[in-house]
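Data block for upload39.pdb (PDB, C-alpha atoms):
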```pdb
ATOM      1  CA  MET A 700     169.791 -46.167  23.716
ATOM      2  CA  ASN A 701     173.491 -46.939  23.626
ATOM      3  CA  LEU A 702     174.170 -50.250  25.369
ATOM      4  CA  TRP A 703     177.753 -49.379  26.122
ATOM      5  CA  ASN A 704     180.063 -46.447  25.736
ATOM      6  CA  GLY A 705     180.885 -46.081  22.027
ATOM      7  CA  THR A 706     184.581 -46.004  22.865
ATOM      8  CA  LYS A 707     184.429 -49.468  24.425
ATOM      9  CA  SER A 708     185.324 -52.545  22.385
ATOM     10  CA  VAL A 709     183.053 -55.086  24.125
ATOM     11  CA  PRO A 710     179.239 -54.713  24.315
ATOM     12  CA  ILE A 711     178.953 -54.935  28.092
ATOM     13  CA  SER A 712     176.687 -52.328  29.602
ATOM     14  CA  LYS A 713     176.671 -50.958  33.126
ATOM     15  CA  THR A 714     173.184 -52.445  33.458
ATOM     16  CA  MET A 715     174.552 -55.915  32.696
ATOM     17  CA  VAL A 716     177.156 -55.505  35.446
ATOM     18  CA  TRP A 717     174.510 -54.207  37.883
ATOM     19  CA  GLU A 718     172.154 -57.134  37.194
ATOM     20  CA  ALA A 719     175.038 -59.591  37.637
ATOM     21  CA  TYR A 720     175.993 -57.875  40.911
ATOM     22  CA  LYS A 721     172.458 -58.339  42.282
ATOM     23  CA  LYS A 722     172.565 -62.072  41.498
ATOM     24  CA  VAL A 723     176.000 -62.527  43.079
ATOM     25  CA  LYS A 724     174.938 -60.593  46.181
ATOM     26  CA  ALA A 725     171.837 -62.794  46.529
ATOM     27  CA  ASN A 726     174.031 -65.924  46.371
ATOM     28  CA  LYS A 727     176.157 -64.624  49.244
ATOM     29  CA  GLY A 728     179.568 -66.305  49.417
ATOM     30  CA  SER A 729     182.891 -65.520  50.972
ATOM     31  CA  ALA A 730     185.837 -63.370  49.966
ATOM     32  CA  GLY A 731     188.387 -64.526  47.398
ATOM     33  CA  VAL A 732     192.144 -64.049  47.390
ATOM     34  CA  ASP A 733     191.718 -60.276  47.731
ATOM     35  CA  GLN A 734     189.945 -60.897  51.076
ATOM     36  CA  ILE A 735     187.240 -58.352  50.208
ATOM     37  CA  SER A 736     183.942 -59.480  51.752
ATOM     38  CA  MET A 737     180.552 -58.556  50.291
ATOM     39  CA  GLU A 738     180.160 -55.961  53.056
ATOM     40  CA  GLU A 739     183.495 -54.371  52.143
ATOM     41  CA  PHE A 740     182.637 -54.556  48.442
ATOM     42  CA  ASP A 741     179.314 -52.823  49.114
ATOM     43  CA  ALA A 742     181.014 -50.068  51.121
ATOM     44  CA  ASP A 743     182.679 -48.902  47.882
ATOM     45  CA  ARG A 744     180.345 -50.630  45.439
ATOM     46  CA  SER A 745     180.213 -47.887  42.794
ATOM     47  CA  LYS A 746     183.990 -47.819  42.482
ATOM     48  CA  HIS A 747     184.272 -51.621  42.278
ATOM     49  CA  LEU A 748     181.455 -51.999  39.743
ATOM     50  CA  PHE A 749     182.690 -49.150  37.558
ATOM     51  CA  LYS A 750     186.223 -50.575  37.540
ATOM     52  CA  LEU A 751     184.892 -54.027  36.591
ATOM     53  CA  TRP A 752     182.610 -52.640  33.866
ATOM     54  CA  ASN A 753     185.360 -50.409  32.474
ATOM     55  CA  ARG A 754     187.831 -53.273  32.228
ATOM     56  CA  MET A 755     185.337 -55.796  30.830
ATOM     57  CA  ALA A 756     183.908 -53.344  28.298
ATOM     58  CA  SER A 757     187.346 -52.285  27.083
ATOM     59  CA  GLY A 758     188.659 -55.842  26.819
ATOM     60  CA  SER A 759     191.297 -55.291  29.507
ATOM     61  CA  TYR A 760     189.794 -57.454  32.257
ATOM     62  CA  PHE A 761     192.065 -60.172  33.599
ATOM     63  CA  PRO A 762     190.557 -62.357  36.304
ATOM     64  CA  PRO A 763     192.603 -62.592  39.497
ATOM     65  CA  PRO A 764     193.738 -65.935  40.937
ATOM     66  CA  VAL A 765     191.114 -68.102  42.603
ATOM     67  CA  LYS A 766     191.323 -68.916  46.317
ATOM     68  CA  GLU A 767     191.541 -72.680  46.886
ATOM     69  CA  VAL A 768     189.839 -74.182  49.918
ATOM     70  CA  GLU A 769     189.159 -77.771  50.896
ATOM     71  CA  ILE A 770     185.855 -78.977  52.276
ATOM     72  CA  ALA A 771     185.071 -82.430  53.609
ATOM     73  CA  LYS A 772     182.819 -84.636  51.483
ATOM     74  CA  LYS A 773     180.319 -87.064  53.043
ATOM     75  CA  ASP A 774     182.927 -89.824  52.971
ATOM     76  CA  GLY A 775     185.395 -87.580  54.825
ATOM     77  CA  LYS A 776     187.706 -87.098  51.854
ATOM     78  CA  PRO A 777     188.618 -83.508  50.994
ATOM     79  CA  ARG A 778     187.161 -81.756  47.988
ATOM     80  CA  LYS A 779     188.879 -78.691  46.567
ATOM     81  CA  LEU A 780     186.816 -75.630  45.785
ATOM     82  CA  GLY A 781     187.867 -72.488  43.978
ATOM     83  CA  ILE A 782     186.554 -69.231  45.430
ATOM     84  CA  PRO A 783     186.784 -66.304  42.988
ATOM     85  CA  THR A 784     186.804 -62.722  44.207
ATOM     86  CA  ILE A 785     183.427 -61.022  44.396
ATOM     87  CA  ALA A 786     184.293 -58.817  41.416
ATOM     88  CA  ASP A 787     185.305 -61.894  39.414
ATOM     89  CA  ARG A 788     182.056 -63.679  40.335
ATOM     90  CA  ILE A 789     180.200 -60.651  38.991
ATOM     91  CA  GLY A 790     182.292 -60.759  35.809
ATOM     92  CA  GLN A 791     181.571 -64.464  35.386
ATOM     93  CA  MET A 792     177.850 -63.792  35.867
ATOM     94  CA  VAL A 793     177.949 -61.075  33.174
ATOM     95  CA  VAL A 794     179.446 -63.571  30.714
ATOM     96  CA  LYS A 795     177.030 -66.322  31.802
ATOM     97  CA  ASP A 796     174.022 -64.023  31.389
ATOM     98  CA  TYR A 797     175.285 -62.836  28.002
ATOM     99  CA  LEU A 798     176.069 -66.264  26.527
ATOM    100  CA  GLY A 799     173.613 -68.425  28.474
ATOM    101  CA  PRO A 800     170.480 -67.840  26.398
ATOM    102  CA  ARG A 801     172.095 -68.934  23.146
ATOM    103  CA  PHE A 802     173.334 -72.184  24.725
ATOM    104  CA  GLU A 803     169.994 -72.746  26.398
ATOM    105  CA  ALA A 804     168.378 -72.525  22.954
ATOM    106  CA  ILE A 805     170.499 -75.410  21.609
ATOM    107  CA  SER A 806     170.508 -77.598  24.744
ATOM    108  CA  SER A 807     168.670 -80.895  24.836
ATOM    109  CA  ASN A 808     165.263 -80.864  26.486
ATOM    110  CA  ASN A 809     166.364 -84.020  28.302
ATOM    111  CA  SER A 810     169.247 -82.267  30.064
ATOM    112  CA  TYR A 811     168.652 -80.932  33.575
ATOM    113  CA  GLY A 812     172.094 -80.356  35.131
ATOM    114  CA  TYR A 813     173.167 -76.724  35.592
ATOM    115  CA  ARG A 814     170.193 -75.456  33.615
ATOM    116  CA  PRO A 815     168.106 -72.416  34.536
ATOM    117  CA  LYS A 816     164.665 -73.174  35.941
ATOM    118  CA  ARG A 817     165.405 -76.919  35.997
ATOM    119  CA  ASN A 818     166.025 -79.135  38.985
ATOM    120  CA  ALA A 819     166.437 -82.730  40.118
ATOM    121  CA  HIS A 820     162.697 -83.129  40.818
ATOM    122  CA  GLN A 821     161.883 -82.222  37.222
ATOM    123  CA  ALA A 822     164.552 -84.637  36.002
ATOM    124  CA  LEU A 823     163.024 -87.464  38.041
ATOM    125  CA  ALA A 824     159.549 -86.667  36.717
ATOM    126  CA  ALA A 825     160.917 -86.777  33.163
ATOM    127  CA  VAL A 826     162.606 -90.125  33.873
ATOM    128  CA  ARG A 827     159.322 -91.567  35.193
ATOM    129  CA  GLU A 828     157.505 -90.372  32.084
ATOM    130  CA  ASN A 829     160.216 -91.550  29.679
ATOM    131  CA  CYS A 830     160.389 -94.994  31.317
ATOM    132  CA  ARG A 831     156.816 -95.562  30.204
ATOM    133  CA  LEU A 832     158.043 -95.194  26.627
ATOM    134  CA  ILE A 833     161.613 -96.535  26.816
ATOM    135  CA  ASN A 834     163.008 -99.154  29.184
ATOM    136  CA  TRP A 835     166.358 -97.525  29.857
ATOM    137  CA  VAL A 836     167.826 -94.307  31.245
ATOM    138  CA  ILE A 837     171.214 -92.688  30.779
ATOM    139  CA  ASP A 838     172.583 -90.926  33.844
ATOM    140  CA  LEU A 839     175.915 -89.159  33.445
ATOM    141  CA  ASP A 840     177.885 -87.738  36.328
ATOM    142  CA  ILE A 841     181.515 -87.458  35.366
ATOM    143  CA  LYS A 842     183.781 -87.261  38.406
ATOM    144  CA  GLY A 843     185.917 -84.142  38.218
ATOM    145  CA  PHE A 844     184.277 -83.144  34.925
ATOM    146  CA  PHE A 845     185.612 -79.581  34.884
ATOM    147  CA  ASP A 846     189.064 -80.769  35.957
ATOM    148  CA  ASN A 847     189.223 -83.412  33.246
ATOM    149  CA  ILE A 848     187.373 -81.950  30.263
ATOM    150  CA  ASP A 849     189.407 -81.620  27.073
ATOM    151  CA  HIS A 850     189.647 -77.834  26.861
ATOM    152  CA  ARG A 851     190.550 -77.914  23.162
ATOM    153  CA  LYS A 852     187.216 -79.580  22.419
ATOM    154  CA  LEU A 853     185.399 -77.190  24.723
ATOM    155  CA  LEU A 854     186.986 -74.208  22.976
ATOM    156  CA  ALA A 855     186.078 -75.653  19.572
ATOM    157  CA  ALA A 856     182.445 -75.998  20.675
ATOM    158  CA  MET A 857     182.439 -72.447  22.032
ATOM    159  CA  GLU A 858     183.905 -71.080  18.801
ATOM    160  CA  LYS A 859     181.147 -72.802  16.851
ATOM    161  CA  HIS A 860     178.412 -71.027  18.825
ATOM    162  CA  VAL A 861     180.036 -67.750  19.925
ATOM    163  CA  SER A 862     181.153 -65.291  17.275
ATOM    164  CA  GLU A 863     182.420 -62.653  19.719
ATOM    165  CA  ASN A 864     186.158 -62.773  20.422
ATOM    166  CA  TRP A 865     186.182 -61.217  23.893
ATOM    167  CA  TRP A 866     184.803 -64.296  25.711
ATOM    168  CA  PHE A 867     187.924 -66.246  24.650
ATOM    169  CA  TYR A 868     190.300 -64.048  26.630
ATOM    170  CA  PHE A 869     188.083 -64.200  29.693
ATOM    171  CA  TYR A 870     187.988 -67.996  29.428
ATOM    172  CA  MET A 871     191.710 -68.380  28.834
ATOM    173  CA  PHE A 872     192.707 -66.294  31.836
ATOM    174  CA  GLN A 873     190.090 -67.961  34.031
ATOM    175  CA  HIS A 874     191.160 -71.537  33.246
ATOM    176  CA  PHE A 875     194.815 -71.462  32.259
ATOM    177  CA  LYS A 876     196.592 -69.451  34.942
TER     178      LYS A 876
END
```

Please express what this file holds, its structure, as structure tokens.
Amino acid sequence: MNLWNGTKSVPISKTMVWEAYKKVKANKGSAGVDQISMEEFDADRSKHLFKLWNRMASGSYFPPPVKEVEIAKKDGKPRKLGIPTIADRIGQMVVKDYLGPRFEAISSNNSYGYRPKRNAHQALAAVRENCRLINWVIDLDIKGFFDNIDHRKLLAAMEKHVSENWWFYFYMFQHFK
């Protein structure tokens, strides 16, 4: 079976886009800067998904701008959130699903944040167990981590573990607009 059209430069199949779509749809969420809701997206779903697949698989996908909204935190201060378009969320999920397993394989067993099939309850259980062996715990929660991370170091780490070139362009256009 051919995973992607032989004329395409990036190994992204229509099945990968479809599976990503189902996950994004299940997460719900609002429209991005294009103001296309999930209902509107679904009304012409085949066209939207084909266009996304075609652009991602040919290496010509450029993520659109992200809609910025502010929500109130518990202390009343505003927190900025970026809301990608539905198509872009699907594209991000394709990349996450493609690259995720290889990073999961090299992640520390003691790490629970943003990990599949891991949650805060499991982290607390691990802390309780580890405290029987060691009398200290390290808890890291870096304020504004994604706003403040050194992107050169992040790119260097990605290059070490990802041999494909296409992810780089997706990343660059997503984070340096």

Can you measure atom CA of Met792 of chain A to atom CA of Asp838 of chain A for me? One decimal in Å is fine.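 Atom CA of Met792 of chain A sits 27.7 Å away from atom CA of Asp838 of chain A.
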
If the PyMOL selection byres ((chain A and resi 737) around 12) were run on this exact file, what residues would it hold? Put them as an MDAnalysis selection string. chainID A and resid 720:721 723:731 733:736 738:744 747 784:786 788:789

If you keep C-alpha atoms, can you produce a file of those selected residues as a PDB file, keeping the file's coordinate frame?
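Dumped everything to part-v4.pdb:
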```
ATOM      1  CA  TYR A 720     175.993 -57.875  40.911  1.00  0.00           C
ATOM      2  CA  LYS A 721     172.458 -58.339  42.282  1.00  0.00           C
ATOM      3  CA  VAL A 723     176.000 -62.527  43.079  1.00  0.00           C
ATOM      4  CA  LYS A 724     174.938 -60.593  46.181  1.00  0.00           C
ATOM      5  CA  ALA A 725     171.837 -62.794  46.529  1.00  0.00           C
ATOM      6  CA  ASN A 726     174.031 -65.924  46.371  1.00  0.00           C
ATOM      7  CA  LYS A 727     176.157 -64.624  49.244  1.00  0.00           C
ATOM      8  CA  GLY A 728     179.568 -66.305  49.417  1.00  0.00           C
ATOM      9  CA  SER A 729     182.891 -65.520  50.972  1.00  0.00           C
ATOM     10  CA  ALA A 730     185.837 -63.370  49.966  1.00  0.00           C
ATOM     11  CA  GLY A 731     188.387 -64.526  47.398  1.00  0.00           C
ATOM     12  CA  ASP A 733     191.718 -60.276  47.731  1.00  0.00           C
ATOM     13  CA  GLN A 734     189.945 -60.897  51.076  1.00  0.00           C
ATOM     14  CA  ILE A 735     187.240 -58.352  50.208  1.00  0.00           C
ATOM     15  CA  SER A 736     183.942 -59.480  51.752  1.00  0.00           C
ATOM     16  CA  GLU A 738     180.160 -55.961  53.056  1.00  0.00           C
ATOM     17  CA  GLU A 739     183.495 -54.371  52.143  1.00  0.00           C
ATOM     18  CA  PHE A 740     182.637 -54.556  48.442  1.00  0.00           C
ATOM     19  CA  ASP A 741     179.314 -52.823  49.114  1.00  0.00           C
ATOM     20  CA  ALA A 742     181.014 -50.068  51.121  1.00  0.00           C
ATOM     21  CA  ASP A 743     182.679 -48.902  47.882  1.00  0.00           C
ATOM     22  CA  ARG A 744     180.345 -50.630  45.439  1.00  0.00           C
ATOM     23  CA  HIS A 747     184.272 -51.621  42.278  1.00  0.00           C
ATOM     24  CA  THR A 784     186.804 -62.722  44.207  1.00  0.00           C
ATOM     25  CA  ILE A 785     183.427 -61.022  44.396  1.00  0.00           C
ATOM     26  CA  ALA A 786     184.293 -58.817  41.416  1.00  0.00           C
ATOM     27  CA  ARG A 788     182.056 -63.679  40.335  1.00  0.00           C
ATOM     28  CA  ILE A 789     180.200 -60.651  38.991  1.00  0.00           C
TER      29      ILE A 789
END
```

Spell out the residues picked by the PyMOL selection byres ((chain A and resi 717) around 10) here, as a ChimeraX atom specification. /A:712-716,718-723,745,748-749,752,789,793

Around segment 774-784 of chain A, with edges along x, y and z and 4 Å added on all six sides, what centre and edge lengths do you get, in Å to one decimal, as AutoDock Vina command-line options?
```
--center_x 185.9 --center_y -76.3 --center_z 48.9 --size_x 14.0 --size_y 35.1 --size_z 19.8
```

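Closest approach to Lys779 of chain A from the set A:Lys746, A:Arg831, A:Lys766, A:Lys859 is made by A:Lys766, with distances taken over all atoms listed in the file.
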
Grab the atom CA of Glu858 of chain A to atom CA of Leu798 of chain A distance for me, in Å with one decimal place.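 These atoms are spaced 12.0 Å apart.
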
At a cut-off of 12 Å, using only C-alpha atoms, what residues contact Tyr811 of chain A? Leave out same-chain residues fewer than 3 positions from it and give the result as a list in words. Glu803, Ser806, Ser807, Asn808, Arg814, Pro815, Lys816, Arg817, Asn818, Ala819, His820, Gln821, Ala822, Leu823, Ala824, Ala825, Val826, Asp838, Leu839 and Asp840 of chain A

Apply the PyMOL selection byres ((chain A and resi 764) around 8) to the file shown and report the selected residues as a short mmCIF file (atom, residue, chain, number, x, y, z; two decimals) with C-alpha atoms, in the coordinates of the input.
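Once everything was written out, this is expr.cif:
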```cif
data_model
loop_
_atom_site.label_atom_id
_atom_site.label_comp_id
_atom_site.auth_asym_id
_atom_site.auth_seq_id
_atom_site.Cartn_x
_atom_site.Cartn_y
_atom_site.Cartn_z
CA VAL A 732 192.14 -64.05 47.39
CA PRO A 762 190.56 -62.36 36.30
CA PRO A 763 192.60 -62.59 39.50
CA VAL A 765 191.11 -68.10 42.60
CA LYS A 766 191.32 -68.92 46.32
CA PRO A 783 186.78 -66.30 42.99
CA LYS A 876 196.59 -69.45 34.94
#
```

Between atom CA of Lys773 of chain A and atom CA of Asn847 of chain A, what is the spacing in Å?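 Between atom CA of Asn847 of chain A and atom CA of Lys773 of chain A the gap works out to 22.0 Å.
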